[in-house]
>>> print(open('entry-v6.cif').read())   # mmCIF, C-alpha atoms
data_data
loop_
_atom_site.label_atom_id
_atom_site.label_comp_id
_atom_site.auth_asym_id
_atom_site.auth_seq_id
_atom_site.Cartn_x
_atom_site.Cartn_y
_atom_site.Cartn_z
CA MET F 289 83.58 87.36 131.88
CA THR F 290 83.57 85.89 128.34
CA ARG F 291 85.48 83.24 126.52
CA ALA F 292 87.17 85.99 124.53
CA LEU F 293 89.11 87.27 127.53
CA PRO F 294 91.52 84.35 127.89
CA LEU F 295 92.14 84.69 124.17
CA LEU F 296 92.79 88.38 124.68
CA ALA F 297 95.31 87.61 127.38
CA LEU F 298 97.02 85.13 125.07
CA LEU F 299 96.95 87.60 122.20
CA LEU F 300 98.60 90.27 124.28
CA ALA F 301 101.14 87.92 125.76
CA CYS F 302 102.36 86.20 122.63
CA GLY F 303 100.20 87.02 119.61
CA SER F 304 98.14 84.59 117.55
CA SER F 305 99.51 81.06 117.58
CA ASP F 306 99.39 80.46 113.83
CA GLU F 307 101.84 83.29 113.24
CA ALA F 308 104.07 83.01 116.30
CA SER F 309 106.43 80.55 114.68
CA THR F 310 107.17 82.91 111.79
CA ARG F 311 107.41 86.06 113.86
CA GLY F 312 110.36 85.08 116.02
CA PRO F 313 110.71 86.35 119.60
CA ASP F 314 107.74 88.20 121.02
CA THR F 315 107.98 91.96 120.56
CA THR F 316 104.82 93.07 122.37
CA PRO F 317 105.69 96.26 124.28
CA GLN F 318 105.58 95.73 128.03
CA ALA F 319 103.13 98.62 128.36
CA VAL F 320 100.62 96.62 126.33
CA VAL F 321 101.17 93.44 128.32
CA GLU F 322 100.50 95.36 131.51
CA LEU F 323 97.08 96.58 130.35
CA GLU F 324 94.27 95.03 132.39
CA THR F 325 92.82 92.59 129.90
CA GLU F 326 89.52 92.46 131.81
CA ALA F 327 88.91 96.05 130.75
CA LEU F 328 89.51 95.50 127.04
CA VAL F 329 86.48 95.51 124.76
CA LEU F 330 88.26 95.41 121.39
CA ALA F 331 91.62 94.08 120.26
CA TRP F 332 92.80 94.07 116.64
CA GLU F 333 96.12 92.49 115.70
CA VAL F 334 97.71 91.83 112.35
CA THR F 335 101.20 90.67 111.42
CA SER F 336 102.55 91.01 107.89
CA THR F 337 105.74 89.55 106.49
CA ARG F 338 106.09 92.77 104.50
CA TRP F 339 105.47 95.64 106.90
CA GLY F 340 105.46 94.20 110.40
CA ARG F 341 102.87 94.17 113.15
CA GLU F 342 99.91 96.35 114.10
CA LEU F 343 97.98 96.31 117.36
CA LEU F 344 94.87 98.31 118.26
CA LEU F 345 93.30 98.14 121.72
CA VAL F 346 90.14 99.75 123.09
CA LYS F 347 89.32 99.64 126.80
CA ARG F 348 85.92 99.84 128.41
CA ASP F 349 86.53 103.41 129.59
CA GLY F 350 87.40 104.55 126.07
CA ARG F 351 91.17 104.57 126.39
CA THR F 352 92.55 103.48 123.06
CA ARG F 353 96.07 102.52 122.04
CA PHE F 354 97.61 101.91 118.63
CA LEU F 355 101.07 100.44 118.00
CA GLN F 356 102.96 99.45 114.89
CA GLU F 357 106.33 97.74 114.67
CA PRO F 358 108.93 98.19 113.30
CA GLY F 359 109.19 101.95 113.55
CA GLY F 360 107.67 102.22 117.00
CA LEU F 361 104.61 104.11 115.77
CA ARG F 362 102.17 104.61 118.61
CA SER F 363 99.24 106.76 119.61
CA GLU F 364 96.88 106.98 122.55
CA ARG F 365 93.57 108.76 122.89
CA THR F 366 90.34 108.44 124.84
CA LEU F 367 87.12 107.90 122.96
CA THR F 368 84.13 109.75 124.36
CA SER F 369 81.14 107.80 125.63
CA GLY F 370 79.33 108.89 122.49
CA GLU F 371 82.12 107.61 120.25
CA LEU F 372 82.15 104.29 122.10
CA ALA F 373 78.39 103.98 121.75
CA GLN F 374 78.67 104.73 118.03
CA LEU F 375 81.44 102.14 117.65
CA ARG F 376 79.25 99.50 119.32
CA ALA F 377 76.24 100.45 117.23
CA ASP F 378 78.19 100.38 113.96
CA LEU F 379 79.76 97.00 114.71
CA ARG F 380 76.39 95.58 115.77
CA ASP F 381 74.71 96.88 112.61
CA ALA F 382 77.50 95.34 110.54
CA GLU F 383 76.94 91.97 112.28
CA VAL F 384 80.69 91.61 112.56
CA CYS F 385 80.58 88.53 114.80
CA ALA F 386 78.67 86.65 112.11
CA SER F 387 81.66 86.95 109.77
CA ARG F 388 83.46 83.74 108.85
CA SER F 389 86.57 82.97 106.84
CA ARG F 390 85.56 81.07 103.70
CA ARG F 391 88.73 80.70 101.66
CA GLU F 392 92.46 80.11 101.79
CA GLY F 393 94.78 83.07 101.91
CA THR F 394 96.74 84.31 98.90
CA ALA F 395 100.52 84.65 98.80
CA ASP F 396 101.78 87.07 101.49
CA GLU F 397 98.22 87.90 102.59
CA SER F 398 97.96 88.66 106.28
CA ARG F 399 95.20 87.34 108.53
CA PRO F 400 94.11 89.95 111.08
CA GLN F 401 92.53 88.84 114.35
CA LEU F 402 89.68 90.76 115.95
CA THR F 403 88.55 90.00 119.50
CA LEU F 404 85.46 91.70 120.90
CA ALA F 405 84.32 91.54 124.52
CA MET F 406 81.57 94.15 124.69
CA ASP F 407 78.49 94.13 126.90
CA ASP F 408 76.26 93.38 123.93
CA ALA F 409 76.04 89.60 123.47
CA ALA F 410 76.17 90.13 119.69
CA LEU F 411 79.61 91.72 120.10
CA ARG F 412 81.52 88.93 121.84
CA CYS F 413 83.68 86.94 119.47
CA ASP F 414 87.16 86.06 118.32
CA LEU F 415 87.65 86.20 114.55
CA HIS F 416 90.45 85.42 112.10
CA LEU F 417 89.79 86.51 108.51
CA TRP F 418 92.17 87.06 105.61
CA TRP F 419 92.79 90.72 104.80
CA GLY F 420 90.71 90.63 101.64
CA GLU F 421 87.85 89.02 103.55
CA TRP F 422 87.93 91.79 106.14
CA GLU F 423 87.73 94.38 103.37
CA ALA F 424 84.58 92.68 102.06
CA THR F 425 82.74 92.84 105.39
CA ASP F 426 80.29 95.58 106.37
CA ALA F 427 82.42 96.10 109.47
CA TRP F 428 85.53 97.07 107.49
CA PRO F 429 84.73 100.79 107.13
CA VAL F 430 84.27 100.95 110.91
CA LEU F 431 87.46 99.08 111.79
CA ASP F 432 89.58 100.65 109.06
CA GLY F 433 88.31 104.12 109.90
CA LEU F 434 89.37 103.72 113.52
CA ARG F 435 92.81 102.28 112.71
CA ARG F 436 93.50 104.95 110.08
CA ARG F 437 92.46 107.71 112.46
CA LEU F 438 94.78 106.44 115.19
CA ARG F 439 97.60 105.77 112.76
CA MET F 440 97.43 109.35 111.45
CA GLU F 441 97.92 110.55 115.02
CA ALA F 442 100.76 108.11 115.72
CA THR F 443 104.31 109.26 116.32
CA PRO F 444 107.50 107.19 116.38
CA GLY F 445 108.16 105.91 119.88
CA ASP F 446 111.80 105.05 119.32
CA GLY F 447 113.20 107.87 117.27
CA ASP F 448 112.84 105.91 114.03
CA GLY F 449 110.87 108.51 112.11
CA ASP F 450 114.00 109.83 110.46
CA GLY F 451 113.37 109.61 106.75
CA ASP F 452 115.75 106.70 106.24
CA GLY F 453 113.46 104.48 104.19
CA ASP F 454 112.77 101.92 106.90
CA GLY F 455 109.00 101.76 106.55
CA ASP F 456 108.07 103.94 109.48
CA GLY F 457 105.67 106.50 108.02
CA ASP F 458 108.34 109.13 107.46
CA GLY F 459 107.48 110.52 104.04
CA ASP F 460 110.22 108.65 102.21
CA GLY F 461 108.07 107.26 99.40
CA ASP F 462 108.12 103.64 100.56
CA GLY F 463 104.35 103.02 100.54
CA ASP F 464 103.99 103.01 104.29
CA GLY F 465 100.97 105.20 104.89
CA ASP F 466 102.53 108.61 104.40
CA GLY F 467 100.07 109.83 101.77
CA ASP F 468 102.49 109.36 98.87
CA GLY F 469 100.17 107.15 96.84
CA GLY F 470 101.64 103.93 98.14
CA GLY F 471 99.69 103.04 101.24
CA ASP F 472 97.44 104.48 103.94
CA GLY F 473 96.25 107.99 103.33
CA ASP F 474 95.53 107.52 99.65
CA GLY F 475 92.07 106.03 99.96
CA GLY F 476 93.10 102.59 98.84
CA GLY F 477 95.36 99.77 99.78
CA GLU F 478 96.75 98.57 103.05
CA LEU F 479 99.72 99.72 105.07
CA ASP F 480 102.03 98.48 102.36
CA GLY F 481 100.10 99.90 99.43
CA GLU F 482 99.05 96.55 97.99
CA GLY F 483 95.36 97.31 97.78
CA GLY F 484 94.26 94.47 100.01
CA GLY F 485 96.96 91.91 100.54
CA ALA F 486 99.47 92.33 103.35
#
>>> encode(input="entry-v6.cif", output="structure tokens")
Amino acid sequence: MTRALPLLALLLACGSSDEASTRGPDTTPQAVVELETEALVLAWEVTSTRWGRELLLVKRDGRTRFLQEPGGLRSERTLTSGELAQLRADLRDAEVCASRSRREGTADESRPQLTLAMDDAALRCDLHLWWGEWEATDAWPVLDGLRRRLRMEATPGDGDGDGDGDGDGDGDGDGDGDGDGGGDGDGGGELDGEGGGA
């Protein structure tokens, strides 16, 4: 299909190579590995030394999956054909595949990977940008809007949403996206409430 697909398969099987050595054993849920990679049109993955790993997948038929570890946060939904068309149009208008990393990362800054394999030739690419670089792109509102929407719908998949302060979105004031002014849900910052650095 496209050159991005073998990279997608590798991403799903073991994550990005430049972070694998620091992440330890692969923790990709088997359900994600079993997804037919030929049907994927978008894959977003980021690993942070502070809050863990996030994976967002969109399939050609609109089925979308979000996972975050640790905490086992996950959500699934199906985008309508109209929503998929809008996603393609927004990413095309933002010229996301023209984005390039142009600096070194800062201390503890994560480097999200975006792989696109859409029908539009302008939306077939594999990109690694530092978090702050992603935030500066025209595509960021599109990508961040989708990930925030799915994260808001996510529920713990392993019973970890227990309010014990383990960074799982449980309302415990740990800056993990629970709307407490420390992370997602407050209009600024990343999952860990740093305002741009993972």
>>> resolve_selection(input="entry-v6.cif", expression="the PyMOL selection byres ((chain F and resi 364) around 12)", output="list in words")
Ala319, Val320, Leu343, Leu344, Leu345, Val346, Lys347, Gly350, Arg351, Thr352, Arg353, Phe354, Leu355, Leu361, Arg362, Ser363, Arg365, Thr366, Leu367, Arg435, Arg437, Leu438, Arg439, Met440, Glu441, Ala442, Thr443 and Gly445 of chain F
>>> resolve_selection(input="entry-v6.cif", expression="the PyMOL selection byres ((chain F and resi 415) around 6)", output="PyMOL selection string")
chain F and resi 401-402+414+416
>>> atom_distance(input="entry-v6.cif", atom1="CA of Glu342 (chain F)", atom2="CA of Glu357 (chain F)")
6.6 Å
>>> closest_residue(input="entry-v6.cif", among="F:Arg412, F:Arg380, F:Arg399, F:Arg436", to="Leu330 (chain F)", atoms="all atoms listed in the file")
F:Arg412
>>> resolve_selection(input="entry-v6.cif", expression="the PyMOL selection byres ((chain F and resi 406) around 9)", output="list in words")
Leu328, Val329, Leu330, Arg348, Arg376, Leu404, Ala405, Asp407, Asp408, Ala409, Ala410, Leu411 and Arg412 of chain F
>>> residues_near_point(input="entry-v6.cif", point="(87.3, 86.4, 105.7)", cutoff="8 Å", atoms="only C-alpha atoms", output="list in words")
Ser387, Arg388, Ser389, Arg390, Arg391, His416, Leu417, Trp418, Trp419, Gly420, Glu421, Trp422, Ala424 and Thr425 of chain F
>>> atom_distance(input="entry-v6.cif", atom1="CA of Leu375 (chain F)", atom2="CA of Asp432 (chain F)")
11.9 Å
>>> atom_distance(input="entry-v6.cif", atom1="CA of Glu383 (chain F)", atom2="CA of Ala427 (chain F)")
7.4 Å
>>> build_atoms(input="entry-v6.cif", residues="region 431-442 of chain F", atoms="all heavy atoms", output="PDB file, in the coordinates of the input")
ATOM      1  N   LEU F 431      86.154  99.465 111.267  1.00  0.00           N
ATOM      2  CA  LEU F 431      87.460  99.080 111.790  1.00  0.00           C
ATOM      3  C   LEU F 431      88.588  99.864 111.118  1.00  0.00           C
ATOM      4  O   LEU F 431      89.493 100.384 111.778  1.00  0.00           O
ATOM      5  CB  LEU F 431      87.682  97.588 111.596  1.00  0.00           C
ATOM      6  CG  LEU F 431      86.732  96.667 112.361  1.00  0.00           C
ATOM      7  CD1 LEU F 431      86.878  95.230 111.861  1.00  0.00           C
ATOM      8  CD2 LEU F 431      87.007  96.747 113.857  1.00  0.00           C
ATOM      9  N   ASP F 432      88.524  99.963 109.797  1.00  0.00           N
ATOM     10  CA  ASP F 432      89.580 100.650 109.060  1.00  0.00           C
ATOM     11  C   ASP F 432      89.575 102.140 109.372  1.00  0.00           C
ATOM     12  O   ASP F 432      90.636 102.764 109.460  1.00  0.00           O
ATOM     13  CB  ASP F 432      89.406 100.412 107.561  1.00  0.00           C
ATOM     14  CG  ASP F 432      90.605 100.868 106.762  1.00  0.00           C
ATOM     15  OD1 ASP F 432      91.754 100.593 107.185  1.00  0.00           O
ATOM     16  OD2 ASP F 432      90.418 101.502 105.708  1.00  0.00           O
ATOM     17  N   GLY F 433      88.381 102.704 109.556  1.00  0.00           N
ATOM     18  CA  GLY F 433      88.310 104.120 109.900  1.00  0.00           C
ATOM     19  C   GLY F 433      88.984 104.410 111.231  1.00  0.00           C
ATOM     20  O   GLY F 433      89.711 105.402 111.376  1.00  0.00           O
ATOM     21  N   LEU F 434      88.766 103.532 112.208  1.00  0.00           N
ATOM     22  CA  LEU F 434      89.370 103.720 113.520  1.00  0.00           C
ATOM     23  C   LEU F 434      90.887 103.552 113.452  1.00  0.00           C
ATOM     24  O   LEU F 434      91.637 104.363 113.997  1.00  0.00           O
ATOM     25  CB  LEU F 434      88.777 102.715 114.515  1.00  0.00           C
ATOM     26  CG  LEU F 434      89.303 102.792 115.954  1.00  0.00           C
ATOM     27  CD1 LEU F 434      89.043 104.164 116.553  1.00  0.00           C
ATOM     28  CD2 LEU F 434      88.659 101.691 116.804  1.00  0.00           C
ATOM     29  N   ARG F 435      91.359 102.514 112.775  1.00  0.00           N
ATOM     30  CA  ARG F 435      92.810 102.280 112.710  1.00  0.00           C
ATOM     31  C   ARG F 435      93.518 103.377 111.916  1.00  0.00           C
ATOM     32  O   ARG F 435      94.616 103.816 112.279  1.00  0.00           O
ATOM     33  CB  ARG F 435      93.138 100.893 112.149  1.00  0.00           C
ATOM     34  CG  ARG F 435      92.602 100.570 110.807  1.00  0.00           C
ATOM     35  CD  ARG F 435      92.907  99.137 110.357  1.00  0.00           C
ATOM     36  NE  ARG F 435      94.308  98.985 110.007  1.00  0.00           N
ATOM     37  CZ  ARG F 435      94.771  99.269 108.785  1.00  0.00           C
ATOM     38  NH1 ARG F 435      93.944  99.742 107.840  1.00  0.00           N
ATOM     39  NH2 ARG F 435      96.038  99.087 108.512  1.00  0.00           N
ATOM     40  N   ARG F 436      92.887 103.865 110.853  1.00  0.00           N
ATOM     41  CA  ARG F 436      93.500 104.950 110.080  1.00  0.00           C
ATOM     42  C   ARG F 436      93.555 106.238 110.907  1.00  0.00           C
ATOM     43  O   ARG F 436      94.549 106.973 110.854  1.00  0.00           O
ATOM     44  CB  ARG F 436      92.711 105.194 108.792  1.00  0.00           C
ATOM     45  CG  ARG F 436      92.968 104.175 107.702  1.00  0.00           C
ATOM     46  CD  ARG F 436      92.074 104.415 106.499  1.00  0.00           C
ATOM     47  NE  ARG F 436      92.290 103.433 105.466  1.00  0.00           N
ATOM     48  CZ  ARG F 436      93.048 103.634 104.387  1.00  0.00           C
ATOM     49  NH1 ARG F 436      93.677 104.781 104.224  1.00  0.00           N
ATOM     50  NH2 ARG F 436      93.184 102.696 103.477  1.00  0.00           N
ATOM     51  N   ARG F 437      92.498 106.510 111.632  1.00  0.00           N
ATOM     52  CA  ARG F 437      92.460 107.710 112.460  1.00  0.00           C
ATOM     53  C   ARG F 437      93.578 107.695 113.493  1.00  0.00           C
ATOM     54  O   ARG F 437      94.288 108.679 113.689  1.00  0.00           O
ATOM     55  CB  ARG F 437      91.100 107.785 113.155  1.00  0.00           C
ATOM     56  CG  ARG F 437      90.950 108.904 114.174  1.00  0.00           C
ATOM     57  CD  ARG F 437      89.598 108.796 114.834  1.00  0.00           C
ATOM     58  NE  ARG F 437      89.431 109.740 115.911  1.00  0.00           N
ATOM     59  CZ  ARG F 437      88.394 109.741 116.737  1.00  0.00           C
ATOM     60  NH1 ARG F 437      87.430 108.852 116.578  1.00  0.00           N
ATOM     61  NH2 ARG F 437      88.307 110.627 117.714  1.00  0.00           N
ATOM     62  N   LEU F 438      93.744 106.546 114.164  1.00  0.00           N
ATOM     63  CA  LEU F 438      94.780 106.440 115.190  1.00  0.00           C
ATOM     64  C   LEU F 438      96.168 106.428 114.567  1.00  0.00           C
ATOM     65  O   LEU F 438      97.117 106.977 115.130  1.00  0.00           O
ATOM     66  CB  LEU F 438      94.556 105.185 116.028  1.00  0.00           C
ATOM     67  CG  LEU F 438      93.320 105.253 116.924  1.00  0.00           C
ATOM     68  CD1 LEU F 438      92.953 103.871 117.425  1.00  0.00           C
ATOM     69  CD2 LEU F 438      93.561 106.208 118.091  1.00  0.00           C
ATOM     70  N   ARG F 439      96.297 105.814 113.409  1.00  0.00           N
ATOM     71  CA  ARG F 439      97.600 105.770 112.760  1.00  0.00           C
ATOM     72  C   ARG F 439      98.038 107.161 112.304  1.00  0.00           C
ATOM     73  O   ARG F 439      99.216 107.506 112.346  1.00  0.00           O
ATOM     74  CB  ARG F 439      97.571 104.814 111.576  1.00  0.00           C
ATOM     75  CG  ARG F 439      98.971 104.509 111.040  1.00  0.00           C
ATOM     76  CD  ARG F 439      98.950 103.370 110.031  1.00  0.00           C
ATOM     77  NE  ARG F 439     100.299 102.953 109.710  1.00  0.00           N
ATOM     78  CZ  ARG F 439     101.027 103.516 108.745  1.00  0.00           C
ATOM     79  NH1 ARG F 439     100.522 104.504 108.043  1.00  0.00           N
ATOM     80  NH2 ARG F 439     102.252 103.089 108.506  1.00  0.00           N
ATOM     81  N   MET F 440      97.103 107.984 111.866  1.00  0.00           N
ATOM     82  CA  MET F 440      97.430 109.350 111.450  1.00  0.00           C
ATOM     83  C   MET F 440      97.955 110.168 112.628  1.00  0.00           C
ATOM     84  O   MET F 440      98.764 111.082 112.441  1.00  0.00           O
ATOM     85  CB  MET F 440      96.196 110.020 110.843  1.00  0.00           C
ATOM     86  CG  MET F 440      95.853 109.537 109.441  1.00  0.00           C
ATOM     87  SD  MET F 440      94.384 110.353 108.764  1.00  0.00           S
ATOM     88  CE  MET F 440      94.937 112.058 108.746  1.00  0.00           C
ATOM     89  N   GLU F 441      97.495 109.823 113.828  1.00  0.00           N
ATOM     90  CA  GLU F 441      97.920 110.550 115.020  1.00  0.00           C
ATOM     91  C   GLU F 441      99.194 109.967 115.630  1.00  0.00           C
ATOM     92  O   GLU F 441      99.752 110.538 116.567  1.00  0.00           O
ATOM     93  CB  GLU F 441      96.808 110.512 116.074  1.00  0.00           C
ATOM     94  CG  GLU F 441      95.520 111.176 115.615  1.00  0.00           C
ATOM     95  CD  GLU F 441      94.380 110.937 116.596  1.00  0.00           C
ATOM     96  OE1 GLU F 441      94.590 110.208 117.589  1.00  0.00           O
ATOM     97  OE2 GLU F 441      93.292 111.482 116.366  1.00  0.00           O
ATOM     98  N   ALA F 442      99.634 108.811 115.110  1.00  0.00           N
ATOM     99  CA  ALA F 442     100.760 108.110 115.720  1.00  0.00           C
ATOM    100  C   ALA F 442     102.081 108.836 115.474  1.00  0.00           C
ATOM    101  O   ALA F 442     102.283 109.477 114.445  1.00  0.00           O
ATOM    102  CB  ALA F 442     100.848 106.681 115.184  1.00  0.00           C
TER     103      ALA F 442
END
